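What follows is a single structure, written as structure tokens, with notes after it.
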2 protein chains.
Amino acid sequence: MADESTTATPDETTETPLGAASGADSGADSGTGSGAEAETYSPQVDVASLQAFLDGRYADVRDLVRGNLVSHADVLVDAEAMSRDDFRDQVRDVVVDLASTGQTGLGLPEAYGGGGDVGASVAAFETLAFGDLSVLTKVGVQFGLFGGAILQLGTEKHHERWMADIVAGRLLGSFAMTERGHGSDVAAVETVARFDPETDEFVVTTPNDAARKDYIGNAARHGELAVVFAQLEVAGERHGVHAVVVPLRVDGELAPGVRIEDSGDKLGLHGVDNGQIWFDDVRVPRENLLDRFASVSADGVYSSPIESRGRRFFTMLGTLVQGRVSVGGAGINAAKVALTIAIRYADRRRQFDSPREGEEQLLLDYGMHQRRLLPLLARTYALHFAQEVLVDDLHRVFSADPDHPDAGGLARQLLESRAAGTKALGTWHATRTIQECREACGGAGYMSRNRFAALKADTDVFTTFEGDNHVLLQLVAKGLLTDYSSEFEEMDQFGMVRFVAGLAVETVLEKTNVHKLLERIKDVLPGGSSDEWDQEAGLLDPNYQLAMLRFREEHMIGGVARRIQGRVRNGEHPGEVLSRVQDHVMATARAHVERLVLEAFVDKLATMPEGDDKVALNLLCDLHALSTIEADRAWFMEHGRLTVQRSKAITAEVNALCRKVRPIAVDLVDAFGVPKEVLRAEELIG
Amino acid sequence: MADESTTATPDETTETPLGAASGADSGADSGTGSGAEAETYSPQVDVASLQAFLDGRYADVRDLVRGNLVSHADVLVDAEAMSRDDFRDQVRDVVVDLASTGQTGLGLPEAYGGGGDVGASVAAFETLAFGDLSVLTKVGVQFGLFGGAILQLGTEKHHERWMADIVAGRLLGSFAMTERGHGSDVAAVETVARFDPETDEFVVTTPNDAARKDYIGNAARHGELAVVFAQLEVAGERHGVHAVVVPLRVDGELAPGVRIEDSGDKLGLHGVDNGQIWFDDVRVPRENLLDRFASVSADGVYSSPIESRGRRFFTMLGTLVQGRVSVGGAGINAAKVALTIAIRYADRRRQFDSPREGEEQLLLDYGMHQRRLLPLLARTYALHFAQEVLVDDLHRVFSADPDHPDAGGLARQLLESRAAGTKALGTWHATRTIQECREACGGAGYMSRNRFAALKADTDVFTTFEGDNHVLLQLVAKGLLTDYSSEFEEMDQFGMVRFVAGLAVETVLEKTNVHKLLERIKDVLPGGSSDEWDQEAGLLDPNYQLAMLRFREEHMIGGVARRIQGRVRNGEHPGEVLSRVQDHVMATARAHVERLVLEAFVDKLATMPEGDDKVALNLLCDLHALSTIEADRAWFMEHGRLTVQRSKAITAEVNALCRKVRPIAVDLVDAFGVPKEVLRAEELIG
């Protein structure tokens with residue numbers, strides 16, 4: 001990527017005699033097990049069967065979406081050719097049309113025309129990310145955020161009233177949570193919904209300009225209703241944030257008391273009609289409160305099965321985790337589009353002059369070009385499988401009987417943490433990959449008629465919406481530092497400062513015992529005392545690779561817990577402590593998610609039938625694992641888990657793996673199954 | 001940045017007792033000289049005097065441009081509000097208006113209304129990058145590329161005929177070099193200019209579609225003339241690429257035989273009318289050949305003072321190096337705009353809940369946020385000074401008497417290498433910084449009404465135009481691996497493969513002698529044998545910092561030379577060798593440019609009067625140097641130049657420096673002198 005650091009610098013020692021430079025790039029490949037150059041067998045990838053393996057249990061759903069994408073491929077051109085308003089209407093029409101195929105309502109109840117299948121719904125959404133991302137985002141707003149809120153926070157009367165129209169795309173709506181003054185800290189929104197017992201209504205009010213609802217999708221043009229998050233006030237008492245359904249438009253005209261302004265042009269997603277909304281004492285009937293978790297009686301008595309205000313709100317938010325899962329998956333799939341184009345381009349474009357007459361040197365034959373693209377390809381596969389695990393978890397939690405442990409608090413917390421972490425890594429990966437691929441295609445990548453312009457502009461906001469990635473990683477870290485006990489859910493989601501003050505380091509250390517870990521690793525890996533464990537195992541042994549990432553994670557968790565407690569005991573102010581440890585906290589969360597991602601890849605491979613496809617994915621998995629370790633090899637050296645020689649051997653092995661992946665790279669991107677009709681990069685790849 | 005690697009992970013060893021965590025983040029700060037926490041003096045920055053220091057000798061020019069930017073600040077809004085054609089015309093009008101102030105013609109001769117000052121011309125261009133970048137690009141096309149080509153490649157008759165109109169903006173033109181099939185490899189363009197002695201004309205022809213001129217600025221709408229690069233053919237003999245002036249439009253209509261299509265929408269730079277051009281036997285008079293370096297007589301005899309075809313073409317290209325210098329400077333200044341917004345925003349936006357009543361925790365008080373932004377700020381200063389050195393070199397070479405050594409081949413080669421490297425690092429830095437700043441401002445950063453959308457979209461192509469950054473770094477490396485002898489200029493600029501085959505490793509090793517370097521370093525630094533040199537010096541000693549970067553550079557140069565020769569001697573095909581060493585080659589070039597950048601910063605500080613401003617910049621210089629070393633600390637450990645303890649100490653020191661820079665961060669961005677009228681981020685910074 002566009003990064004001045006020279007982390008991935010292969011090199012050799014000054015002492016290596018000249019001749020030794022051939023055969024291994026970095027002087028050292030002792031202990032690699034395979035030897036960087038030893039294997040020459042190149043697997044033959046069966047693209048169709050590999051695609052089926054990637055598509056998994058939702059292959060039919062993904063194919064349905066692929067077919068729909070092809071039918072609507074023109075929307076990619078419309079994005080460039082149409083005026084903003086026309087394109088927004090066009091996107092709306094496409095979304096409604098998609099709804100008629102059943103693709104968009106898969107997560108909504110069958111009783112109302114939906115599919116009743118949470119996992120299928122995410123699979124469909126992810127696949128939609130192969131196409132125009134305004135369509136994707138509008139689908140997300142309508143069926144995920146708006147429909148999902150009605151489903152999860154409402155009760156039967158709300159479902160009866162609205163759900164069938166939502167599923168069919170006849171009733172478009174908005175999810176009005178974010179306020180101008182409150183982006184990430186949504187518990188602090190200032191919009192008020194005051195109960196008026198006289199009229200049996202809620203009065204919804206925007207008390208000041210910082211409380212205007214901001215960047216709300218479907219608001220500027222198409223939304224009829226909005227799920228509005230507001231401080232609920234009953235008989236002068238505040239009960240925290242609740243969701244109330246408020247009409248935005250009636251017969252196409254703004255509803256009384258509602259003011260909406262277009263949010264204006266954006267970097268991308270031009271087909272999404274984001275708006276800002278002010279409510280001027282808008283009155284809605286009492287039954288418009290989405291009352292699954294709290295209700296108000298006609299005589300003005302507030303009641304909720306969840307006593308704590310914070311826990312209640314975060315229980316509500318927790319039901320909406322699917323949005324976060326979906327955005328992460330969309331990012332990963334957008335990266336697949338970019339890689340498909342860049343790798344196909346590099347496999348046909350010649351570099352300057354060919355070395356000999358008749359002998360073509362293609363871009364992808366160059367070591368640097370392999371280095372730029374192939375570890376990103378490997379990581380995309382890894383994230384794909386990590387996302388698959390996440391979607392399975394989501395499906396299990398949301399499909400389970402409410403009394404089953406699968407739907408219980410712990411399962412939900414683990415899900416929320418995994419969703420936050422995968423979303424952060426998946427969307428950062430998208431930004432990075434799309435940028436690298438754009439640059440790897442040169443100036444042509446800058447033209448709208450090729451795909452990168454839209455991909456870059458449209459995906460850019462993924463890193464900040466459905467939760468800012470940095471905030472999400474803090475959430476992950478908080479989960480790691482507690483033992484996922486009740487504290488986790490009781491706490492204000494973002495109250496890191498209070499959390500810091502109360503951290504029980506003993507609990508953390510009990511959970512993560514690096515020495516115990518070392519013992520376990522000794523059992524797994526060959527070779528003597530714990531001082532030597534990392535020097536003996538083969539670099540291509542997944543147990544070694546996982547042990548490295550597990551060691552890093554547990555070491556970091558313990559370290560950050562001790563640092564926090566040391567500083568707090570020393571009398572430092574918790575806010576100051578948090579400021580001092582924040583980068584360590586973030587690194588810890590990343591290390592955790594990196595471990596989950598590699599585990600997902602390794603576990604998935606274990607289920608794969610033997611054959612060339614498995615050989616191919618094993619190469620990718622090694623490339624992903626070793627390039628991940630390589631990127632942080634300084635840390636591993638600093639913590640005694642890599643010697644200098646072994647660190648260099650890892651770089652050599654990454655280079656060797658790139659060369660092995662190169663001949664199958666095109667097959668590996670083809671297996672993503674991005675329909676050629678939506679690649680929209682004819683100039684680059686024909 | 002959006003990067004999953006966890007390179008910047010502070011940590012402590014497991015052995016550190018809990019209490020020791022306070023006082024130093026990373027356990028170790030032995031030998032840092034200052035001690036990470038020892039200094040508490042915070043300098044008071046004098047913003048005006050610091051700005052004057054940054055503006056340097058061209059302060060007046062920069063202020064002229066600032067004034068013009070403020071006058072035309074509306075163009076930032078027009079970019080969003082106008083139709084494409086209207087905006088293009090508006091940009092043209094702004095450019096013509098700027099021309100009337102003298103700002104844009106500074107690099108063109110005084111005799112024709114220009115300023116006759118190359119350095120001033122780059123200073124003006126760089127400063128223009130604070131504003132709308134379509135205006136910047138159109139200025140670059142008109143006065144830099146088109147005007148520059150007429151000036152540098154043409155002779156008096158061409159200057160007499162066109163220069164006054166060019167300077168005034170009355171005659172707009174294009175620079176038609178890039179072809180569809182030949183982006184980076186411009187020596188291979190296929191357009192032909194055949195001399196017809198019958199009519200004393202050149203016949204300009206596009207022989208096939210891959211030879212169409214592509215993405216040419218000013219072509220789609222406004223250009224009247226084009227400098228067209230074509231294979232010159234005289235009496236059936238080809239003489240390589242030469243420049244011929246060809247009319248594109250006459251009285252607003254396309255000239256006969258010229259076909260132009262709009263290049264279509266782009267990710268950004270919507271105000272630049274890029275087009276693709278085909279020539280169908282277009283006839284132009286013989287005197288339209290820009291004949292400074294080669295001419296054709298009326299009776300059809302070709303002559304040139306430069307015998308070698310390759311050297312002739314690269315001499316021509318060399319005269320156009322100002323374009324590359326200008327783009328790098330523009331990238332660096334665009335990064336200043338992003339940092340000004342993000343740092344000012346982080347200094348007013350509160351993070352979630354404040355730790356105590358009445359006590360505000362601002363975003364920029366958080367360690368993570370400091371880590372995200374402040375090393376980028378330090379690097380921007382470093383690149384600013386590196387760019388200043390480059391512009392001085394450019395000015396010296398282009399202002400010198402042709403017989404003076406300052407204008408000689410060696411000086412030009414060094415200039416071209418430095419220009420290529422600074423452009424690559426400067427534009428990558430822009431992409432990275434703008435992305436990080438966008439994310440640091442959250443979703444609001446995605447809206448066009450704030451500045452990031454345009455900054456991101458418009459600057460994205462900087463990494464690939466005026467030379468793809470990867471290709472430019474190869475050029476830098478080639479210079480390092482030769483001794484800047486005549487070989488460098490004789491060679492096909494991009495013929496790395498041929499170069500690899502002929503590399504004389506002895507020459508390289510003679511030039512870069514790591515052992516000699518170690519001796520020199522021993523003299524400079526305190527402490528015993530060369531095995532220990534890096535363990536004794538203070539981290540904040542610029543001699544230490546520079547020694548580290550010099551060691552890395554020279555070690556890499558020697559290593560890559562030996563690797564290449566070892567493989568070639570082993571009988572490997574040069575193309576294969578290049579593929580294998582290419583990442584090493586690129587890393588070497590980066591290491592070289594990084595050293596130049598740090599030297600520029602350190603040297604500049606030596607000229608600064610004592611005082612608080614100097615204290616402030618010393619902090620920034622340390623932050624830049626140590627975060628640069630930290631980013632590649634794995635390499636330094638692998639090569640015995642950092643111990644584990646010292647590597648951790650560097651991370652601790654970077655954190656400490658971030659905290660010290662934090663209180664002056666806003667002053668440091670204010671000293672860039674970006675007029676508030678062109679920040680266009682009211683929503684973020686008021």
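We name chains A, B, ... following the order of the structure tokens; residues begin at 1 in each chain, and ligands are numbered from 1 as shown.
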
Item to check | Residues within 7 Å of segment 137-147 of chain B, only C-alpha atoms, excluding chain neighbours under 5 positions, as an MDAnalysis selection string | outcome: chainID B and resid 95 104:105 166 172:175 217 227 272 323

Item to check | Contacts of Gly67 of chain A within 12 Å, only C-alpha atoms, excl. fewer than 6 positions in-chain, as a PyMOL selection string | outcome: chain A and resi 60-61+73+98+101+103+124+127-128+130-131+673-678

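The neighbours of Ala342 of chain A here are the residues that come within 7 Å of it, using only C-alpha atoms and leaving out any residue fewer than 4 positions away in the same chain; they are A:Ala338, A:Ala346, A:Cys437, A:Ala440, A:Cys441.
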
Checklist entry - Rounded to one decimal in Å, what is the spacing between atom CA of Gly236 of chain A and atom CA of Ala149 of chain A? => result 26.4 Å

Checklist entry - Contacts of Thr319 of chain B at 12 Å or less, counting only C-alpha atoms, minus same-chain residues fewer than 2 places along, as an NGL selection string? => result :B and (144-145 or 148-154 or 292-293 or 312-317 or 321-325 or 394 or 397-398 or 407 or 409 or 412-413 or 415-416)

Checklist entry - Of the residues B:Gly331, B:Gly445, B:Gly113, B:Gly575, which is the one nearest to chain A, using only C-alpha atoms? => result B:Gly575

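Residues lying within 10 Å of Ser49 of chain B, counting only C-alpha atoms and ignoring same-chain neighbours fewer than 6 positions away, are Asp55, Asp613 and Ala671 of chain B.
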
Would you save the residues from that selection as an mmCIF file, in the first residue's frame, using C-alpha atoms?
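The new file selection_32.cif reads:
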data_model
loop_
_atom_site.group_PDB
_atom_site.id
_atom_site.type_symbol
_atom_site.label_atom_id
_atom_site.label_comp_id
_atom_site.auth_asym_id
_atom_site.auth_seq_id
_atom_site.Cartn_x
_atom_site.Cartn_y
_atom_site.Cartn_z
ATOM 1 C CA ASP B 55 7.879 30.035 3.476
ATOM 2 C CA ASP B 613 10.455 27.761 17.422
ATOM 3 C CA ALA B 671 2.295 27.810 10.603
#

Near-segment 467-471 of chain B list (9 Å; only C-alpha atoms; drop same-chain fewer than 4 positions) as a JSON list (two decimals) with all heavy atoms, in the first residue's frame:
[["chain", "number", "residue", "atom", "x", "y", "z"],
["A", 439, "GLU", "N", -3.67, 1.68, -7.63],
["A", 439, "GLU", "CA", -2.33, 2.12, -8.03],
["A", 439, "GLU", "C", -1.68, 1.10, -8.95],
["A", 439, "GLU", "O", -0.94, 1.46, -9.87],
["A", 439, "GLU", "CB", -1.45, 2.37, -6.80],
["A", 439, "GLU", "CG", -1.91, 3.56, -5.99],
["A", 439, "GLU", "CD", -0.97, 3.90, -4.83],
["A", 439, "GLU", "OE1", 0.24, 3.64, -4.94],
["A", 439, "GLU", "OE2", -1.45, 4.41, -3.80],
["A", 442, "GLY", "N", -2.46, 1.73, -12.49],
["A", 442, "GLY", "CA", -2.02, 3.00, -13.07],
["A", 442, "GLY", "C", -3.14, 3.99, -13.27],
["A", 442, "GLY", "O", -4.20, 3.91, -12.64],
["A", 443, "GLY", "N", -2.89, 4.95, -14.16],
["A", 443, "GLY", "CA", -3.81, 6.05, -14.38],
["A", 443, "GLY", "C", -5.19, 5.60, -14.85],
["A", 443, "GLY", "O", -6.20, 6.24, -14.53],
["B", 183, "GLY", "N", 2.11, 3.82, -20.96],
["B", 183, "GLY", "CA", 1.95, 4.74, -19.85],
["B", 183, "GLY", "C", 3.31, 5.17, -19.34],
["B", 183, "GLY", "O", 3.72, 6.32, -19.52],
["B", 184, "SER", "N", 4.03, 4.24, -18.75],
["B", 184, "SER", "CA", 5.32, 4.59, -18.17],
["B", 184, "SER", "C", 6.44, 4.54, -19.20],
["B", 184, "SER", "O", 7.43, 5.25, -19.10],
["B", 184, "SER", "CB", 5.65, 3.64, -17.02],
["B", 184, "SER", "OG", 4.71, 3.80, -15.99],
["B", 324, "ARG", "N", 7.67, 16.95, -12.28],
["B", 324, "ARG", "CA", 7.75, 15.96, -11.21],
["B", 324, "ARG", "C", 8.00, 16.64, -9.86],
["B", 324, "ARG", "O", 7.41, 16.26, -8.85],
["B", 324, "ARG", "CB", 8.90, 15.01, -11.55],
["B", 324, "ARG", "CG", 8.72, 13.64, -11.09],
["B", 324, "ARG", "CD", 9.67, 12.71, -11.85],
["B", 324, "ARG", "NE", 9.02, 12.06, -12.96],
["B", 324, "ARG", "CZ", 9.67, 11.35, -13.89],
["B", 324, "ARG", "NH1", 10.99, 11.23, -13.83],
["B", 324, "ARG", "NH2", 9.01, 10.77, -14.86],
["B", 420, "ALA", "N", 12.60, 12.33, -8.51],
["B", 420, "ALA", "CA", 11.80, 11.10, -8.60],
["B", 420, "ALA", "C", 11.48, 10.57, -7.20],
["B", 420, "ALA", "O", 10.34, 10.21, -6.90],
["B", 420, "ALA", "CB", 12.56, 10.05, -9.41],
["B", 421, "GLY", "N", 12.48, 10.52, -6.34],
["B", 421, "GLY", "CA", 12.28, 9.98, -5.00],
["B", 421, "GLY", "C", 11.37, 10.85, -4.15],
["B", 421, "GLY", "O", 10.49, 10.34, -3.43],
["B", 423, "LYS", "N", 9.11, 12.93, -5.21],
["B", 423, "LYS", "CA", 7.75, 12.84, -5.76],
["B", 423, "LYS", "C", 7.07, 11.58, -5.24],
["B", 423, "LYS", "O", 5.91, 11.61, -4.82],
["B", 423, "LYS", "CB", 7.81, 12.86, -7.29],
["B", 423, "LYS", "CG", 6.43, 12.93, -7.97],
["B", 423, "LYS", "CD", 5.85, 11.56, -8.25],
["B", 423, "LYS", "CE", 4.49, 11.64, -8.91],
["B", 423, "LYS", "NZ", 3.90, 10.31, -9.15],
["B", 424, "ALA", "N", 7.77, 10.46, -5.27],
["B", 424, "ALA", "CA", 7.16, 9.20, -4.82],
["B", 424, "ALA", "C", 6.80, 9.28, -3.34],
["B", 424, "ALA", "O", 5.65, 9.03, -2.95],
["B", 424, "ALA", "CB", 8.11, 8.02, -5.08],
["B", 425, "LEU", "N", 7.74, 9.67, -2.51],
["B", 425, "LEU", "CA", 7.44, 9.70, -1.07],
["B", 425, "LEU", "C", 6.41, 10.79, -0.73],
["B", 425, "LEU", "O", 5.55, 10.59, 0.12],
["B", 425, "LEU", "CB", 8.72, 9.90, -0.25],
["B", 425, "LEU", "CG", 9.29, 8.58, 0.30],
["B", 425, "LEU", "CD1", 9.66, 7.63, -0.81],
["B", 425, "LEU", "CD2", 10.47, 8.82, 1.23],
["B", 427, "THR", "N", 3.96, 12.04, -2.62],
["B", 427, "THR", "CA", 2.59, 11.75, -3.04],
["B", 427, "THR", "C", 2.02, 10.55, -2.27],
["B", 427, "THR", "O", 0.83, 10.53, -1.95],
["B", 427, "THR", "CB", 2.50, 11.51, -4.56],
["B", 427, "THR", "OG1", 3.41, 10.48, -4.94],
["B", 427, "THR", "CG2", 2.87, 12.78, -5.33],
["B", 428, "TRP", "N", 2.84, 9.56, -1.96],
["B", 428, "TRP", "CA", 2.34, 8.48, -1.11],
["B", 428, "TRP", "C", 1.97, 9.03, 0.28],
["B", 428, "TRP", "O", 0.98, 8.63, 0.88],
["B", 428, "TRP", "CB", 3.39, 7.37, -0.98],
["B", 428, "TRP", "CG", 3.27, 6.30, -2.01],
["B", 428, "TRP", "CD1", 2.12, 5.84, -2.59],
["B", 428, "TRP", "CD2", 4.34, 5.54, -2.60],
["B", 428, "TRP", "NE1", 2.42, 4.83, -3.50],
["B", 428, "TRP", "CE2", 3.76, 4.63, -3.52],
["B", 428, "TRP", "CE3", 5.72, 5.53, -2.44],
["B", 428, "TRP", "CZ2", 4.53, 3.72, -4.27],
["B", 428, "TRP", "CZ3", 6.48, 4.62, -3.18],
["B", 428, "TRP", "CH2", 5.89, 3.73, -4.09],
["B", 462, "PHE", "N", -2.15, 11.43, -8.02],
["B", 462, "PHE", "CA", -0.77, 11.95, -7.89],
["B", 462, "PHE", "C", 0.26, 10.82, -7.81],
["B", 462, "PHE", "O", 1.39, 10.96, -8.26],
["B", 462, "PHE", "CB", -0.62, 12.83, -6.63],
["B", 462, "PHE", "CG", -1.25, 14.19, -6.73],
["B", 462, "PHE", "CD1", -2.12, 14.53, -7.76],
["B", 462, "PHE", "CD2", -0.99, 15.16, -5.76],
["B", 462, "PHE", "CE1", -2.70, 15.79, -7.84],
["B", 462, "PHE", "CE2", -1.56, 16.42, -5.83],
["B", 462, "PHE", "CZ", -2.42, 16.74, -6.86],
["B", 463, "THR", "N", -0.14, 9.69, -7.20],
["B", 463, "THR", "CA", 0.83, 8.60, -7.05],
["B", 463, "THR", "C", 1.19, 7.97, -8.39],
["B", 463, "THR", "O", 2.19, 7.27, -8.48],
["B", 463, "THR", "CB", 0.29, 7.50, -6.12],
["B", 463, "THR", "OG1", -1.00, 7.10, -6.58],
["B", 463, "THR", "CG2", 0.19, 7.98, -4.69],
["B", 475, "LEU", "N", 13.94, 4.03, -10.82],
["B", 475, "LEU", "CA", 14.88, 4.98, -11.40],
["B", 475, "LEU", "C", 15.89, 5.45, -10.35],
["B", 475, "LEU", "O", 17.10, 5.55, -10.61],
["B", 475, "LEU", "CB", 14.08, 6.17, -11.95],
["B", 475, "LEU", "CG", 14.85, 7.27, -12.66],
["B", 475, "LEU", "CD1", 15.42, 6.75, -13.98],
["B", 475, "LEU", "CD2", 13.93, 8.46, -12.94],
["B", 476, "VAL", "N", 15.39, 5.74, -9.16],
["B", 476, "VAL", "CA", 16.28, 6.15, -8.07],
["B", 476, "VAL", "C", 17.29, 5.05, -7.78],
["B", 476, "VAL", "O", 18.50, 5.30, -7.64],
["B", 476, "VAL", "CB", 15.46, 6.46, -6.80],
["B", 476, "VAL", "CG1", 16.38, 6.67, -5.60],
["B", 476, "VAL", "CG2", 14.57, 7.67, -7.02],
["B", 494, "PHE", "N", 13.95, 3.02, -18.52],
["B", 494, "PHE", "CA", 13.23, 1.98, -17.79],
["B", 494, "PHE", "C", 13.77, 0.59, -18.10],
["B", 494, "PHE", "O", 13.15, -0.40, -17.75],
["B", 494, "PHE", "CB", 11.75, 2.06, -18.11],
["B", 494, "PHE", "CG", 11.19, 3.40, -17.75],
["B", 494, "PHE", "CD1", 10.88, 4.32, -18.74],
["B", 494, "PHE", "CD2", 11.02, 3.75, -16.42],
["B", 494, "PHE", "CE1", 10.40, 5.57, -18.40],
["B", 494, "PHE", "CE2", 10.53, 4.99, -16.09],
["B", 494, "PHE", "CZ", 10.22, 5.91, -17.08],
["B", 586, "MET", "N", 13.40, -1.71, -4.57],
["B", 586, "MET", "CA", 12.50, -0.64, -4.16],
["B", 586, "MET", "C", 12.79, -0.19, -2.73],
["B", 586, "MET", "O", 12.77, 1.00, -2.42],
["B", 586, "MET", "CB", 11.05, -1.12, -4.23],
["B", 586, "MET", "CG", 10.64, -1.62, -5.59],
["B", 586, "MET", "SD", 10.37, -0.28, -6.73],
["B", 586, "MET", "CE", 8.89, 0.38, -6.02]]

Next on the checklist: I need the strand (DSSP E or B) residues of segment 310-512 of chain B per DSSP on the backbone, written as a ChimeraX atom specification.
Outcome noted: /B:350,356,359,362,447

Checklist entry - Separation of atom CA of Met163 of chain A and atom CA of Trp278 of chain A, in Å? => result 25.5 Å

Next on the checklist: Can you tell me which residues surround segment 376-386 of chain B at a distance of at most 9 Å, considering only C-alpha atoms, apart from same-chain residues fewer than 5 positions away, and format the answer as a PyMOL selection string?
Outcome noted: chain B and resi 54+329+332-333+335-336+339+371+391+422+425-426+429-430+432-433+596-602+604+617+619-625+628+665+668-669

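You will find atom CA of Val122 of chain A at 11.8 Å from atom CA of Asp393 of chain A.
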
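For the set A:Thr191, A:Ala220, A:Ser121, A:Arg680, the residue with the smallest atom-to-atom gap to Asp265 of chain A is A:Ala220, counting only C-alpha atoms.
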
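In this comparison, which uses only C-alpha atoms, the residue of A:Gln276, A:Thr431, A:Ile685, A:Glu307 approaching Thr464 of chain A most closely is A:Thr431.
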